[in-house]
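**Q** Take a look at this one; I'll ask things after.
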Amino acid sequence: IECVSPVLKGKNGLKSLEIACKVLNEAGARVNKSTGLHVHIGAASFTEAQYVNIFVNYKKLEKVIDSFMANSRRQNNNFYCQSLQNKPLENATSRADICEMMSNERYYKVNCMSYNRHKTVEFRQHQGSTDFKKISAWVNFLTKLCEWSKTNRLQNDIESIDEIPFLTATEKRFFNTRKEALQ
């Protein structure tokens, strides 16, 4: 089955997510390689440049993000969350440019098409999970990426988790631990 939550915000949203994960686990819910966790981040207040920055920054982070994702969700391993690497996103100046470069298709690690319907950026890369700690860490990562992208654009690919500019030392340790577990 597919579980879709209502819009979750702030600490109350995280508490609702924690409760949902607990209930799913108590009911014996399981995930497999075919499942994904899709996170929508509200983007209605983003300027065109800020929106573009999210995609450019994700592309520059993608190889590092791949390192702490399940193999089934990494570069070129899944039709439903395709890589951004071969897209010239750095040349974009608008949402329309991003969508054109992505052939108006949603099956990328970051989905530009969700803006038209939901005014969000949808992140499709994470593997399915009922683990609150993993999900909340990923949601936090994406929230920080989007906020950081309002005023920043990476110029070069990030090569290690420790180089990610918007994460705390504790958050970097969490993702490094995930990376080690998935090698």
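Identifiers in the structure tokens: chain A, B, ... in order shown; residue index from 1 per chain; ligand index from 1 in order shown.
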Can you check which residues of segment 73-122 of chain A DSSP gives as alpha helix (DSSP H) on the backbone and send them as a list in words?

**A** Arg95, Ala96, Asp97, Ile98, Cys99, Glu100, Met101, Ser114, Tyr115, Asn116, Arg117 and His118 of chain A

**Q** Write the residues of the preceding selection, restricted to N, CA, C and O atoms, as a PDB file, in the first residue's frame.

**A**
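As written to disk, out-v3.pdb reads:
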ATOM      1  N   ARG A  95      11.860  28.034 -13.003  1.00  0.00           N
ATOM      2  CA  ARG A  95      11.220  26.724 -12.832  1.00  0.00           C
ATOM      3  C   ARG A  95      10.958  26.096 -14.201  1.00  0.00           C
ATOM      4  O   ARG A  95      11.149  24.901 -14.395  1.00  0.00           O
ATOM      5  N   ALA A  96      10.499  26.916 -15.144  1.00  0.00           N
ATOM      6  CA  ALA A  96      10.208  26.398 -16.484  1.00  0.00           C
ATOM      7  C   ALA A  96      11.465  25.813 -17.129  1.00  0.00           C
ATOM      8  O   ALA A  96      11.401  24.758 -17.772  1.00  0.00           O
ATOM      9  N   ASP A  97      12.599  26.476 -16.956  1.00  0.00           N
ATOM     10  CA  ASP A  97      13.864  25.947 -17.492  1.00  0.00           C
ATOM     11  C   ASP A  97      14.181  24.586 -16.881  1.00  0.00           C
ATOM     12  O   ASP A  97      14.565  23.652 -17.591  1.00  0.00           O
ATOM     13  N   ILE A  98      14.036  24.486 -15.558  1.00  0.00           N
ATOM     14  CA  ILE A  98      14.325  23.221 -14.875  1.00  0.00           C
ATOM     15  C   ILE A  98      13.434  22.113 -15.435  1.00  0.00           C
ATOM     16  O   ILE A  98      13.913  21.037 -15.804  1.00  0.00           O
ATOM     17  N   CYS A  99      12.152  22.377 -15.536  1.00  0.00           N
ATOM     18  CA  CYS A  99      11.222  21.353 -16.030  1.00  0.00           C
ATOM     19  C   CYS A  99      11.507  20.986 -17.486  1.00  0.00           C
ATOM     20  O   CYS A  99      11.418  19.813 -17.862  1.00  0.00           O
ATOM     21  N   GLU A 100      11.864  21.965 -18.284  1.00  0.00           N
ATOM     22  CA  GLU A 100      12.211  21.674 -19.679  1.00  0.00           C
ATOM     23  C   GLU A 100      13.450  20.782 -19.753  1.00  0.00           C
ATOM     24  O   GLU A 100      13.491  19.824 -20.522  1.00  0.00           O
ATOM     25  N   MET A 101      14.457  21.082 -18.939  1.00  0.00           N
ATOM     26  CA  MET A 101      15.684  20.275 -18.930  1.00  0.00           C
ATOM     27  C   MET A 101      15.422  18.849 -18.455  1.00  0.00           C
ATOM     28  O   MET A 101      16.153  17.930 -18.787  1.00  0.00           O
ATOM     29  N   SER A 114       5.996  18.610  -9.344  1.00  0.00           N
ATOM     30  CA  SER A 114       5.095  18.733  -8.188  1.00  0.00           C
ATOM     31  C   SER A 114       4.735  20.185  -7.896  1.00  0.00           C
ATOM     32  O   SER A 114       3.716  20.452  -7.251  1.00  0.00           O
ATOM     33  N   TYR A 115       5.529  21.132  -8.385  1.00  0.00           N
ATOM     34  CA  TYR A 115       5.243  22.540  -8.126  1.00  0.00           C
ATOM     35  C   TYR A 115       3.904  22.946  -8.744  1.00  0.00           C
ATOM     36  O   TYR A 115       3.115  23.650  -8.117  1.00  0.00           O
ATOM     37  N   ASN A 116       3.654  22.500  -9.948  1.00  0.00           N
ATOM     38  CA  ASN A 116       2.426  22.894 -10.644  1.00  0.00           C
ATOM     39  C   ASN A 116       1.167  22.473  -9.897  1.00  0.00           C
ATOM     40  O   ASN A 116       0.176  23.204  -9.877  1.00  0.00           O
ATOM     41  N   ARG A 117       1.214  21.321  -9.279  1.00  0.00           N
ATOM     42  CA  ARG A 117       0.023  20.788  -8.603  1.00  0.00           C
ATOM     43  C   ARG A 117      -0.029  21.143  -7.114  1.00  0.00           C
ATOM     44  O   ARG A 117      -1.090  21.445  -6.579  1.00  0.00           O
ATOM     45  N   HIS A 118       1.149  21.092  -6.450  1.00  0.00           N
ATOM     46  CA  HIS A 118       1.174  21.225  -4.994  1.00  0.00           C
ATOM     47  C   HIS A 118       1.967  22.429  -4.477  1.00  0.00           C
ATOM     48  O   HIS A 118       1.990  22.656  -3.271  1.00  0.00           O
TER      49      HIS A 118
END

**Q** Show which residues sit within 6 Å of segment 39-53 of chain A, as a list in words. Count only C-alpha atoms, and ignore same-chain residues fewer than 2 positions away.

**A**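 In the requested format, the answer is Phe55, Val56, Asn57, Ser94, Lys119, Thr120, Val121, Glu122, Phe123, Ser149, Lys150 and Arg153 of chain A.
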
**Q** How many Å separate atom CA of Phe166 of chain A from atom CA of Ala20 of chain A?

**A**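 Computing it gives 27.8 Å between the two atoms.
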
**Q** From the options A:Thr93, A:Ser5, A:Thr170, A:Thr177, which residue's atoms come nearest to Ile54 of chain A, counting only C-alpha atoms?

**A**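 Smallest distance to Ile54 of chain A is found for A:Thr93.
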
**Q** What's the separation between atom CA of Glu159 of chain A and atom CA of Asn32 of chain A, in Å to one decimal place?

**A**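 Separating atom CA of Glu159 of chain A from atom CA of Asn32 of chain A is a distance of 28.7 Å.
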
**Q** Where in chain A does DSSP assign strand (DSSP E), given as number ranges by chain?

**A** A: 39-42, 110-111, 120-123

**Q** Could you check the closest approach to Glu18 of chain A for each of A:Asn91, A:Ser72, A:Ser136, A:Gln183 and tell me which residue wins, using only C-alpha atoms?

**A** A:Ser136
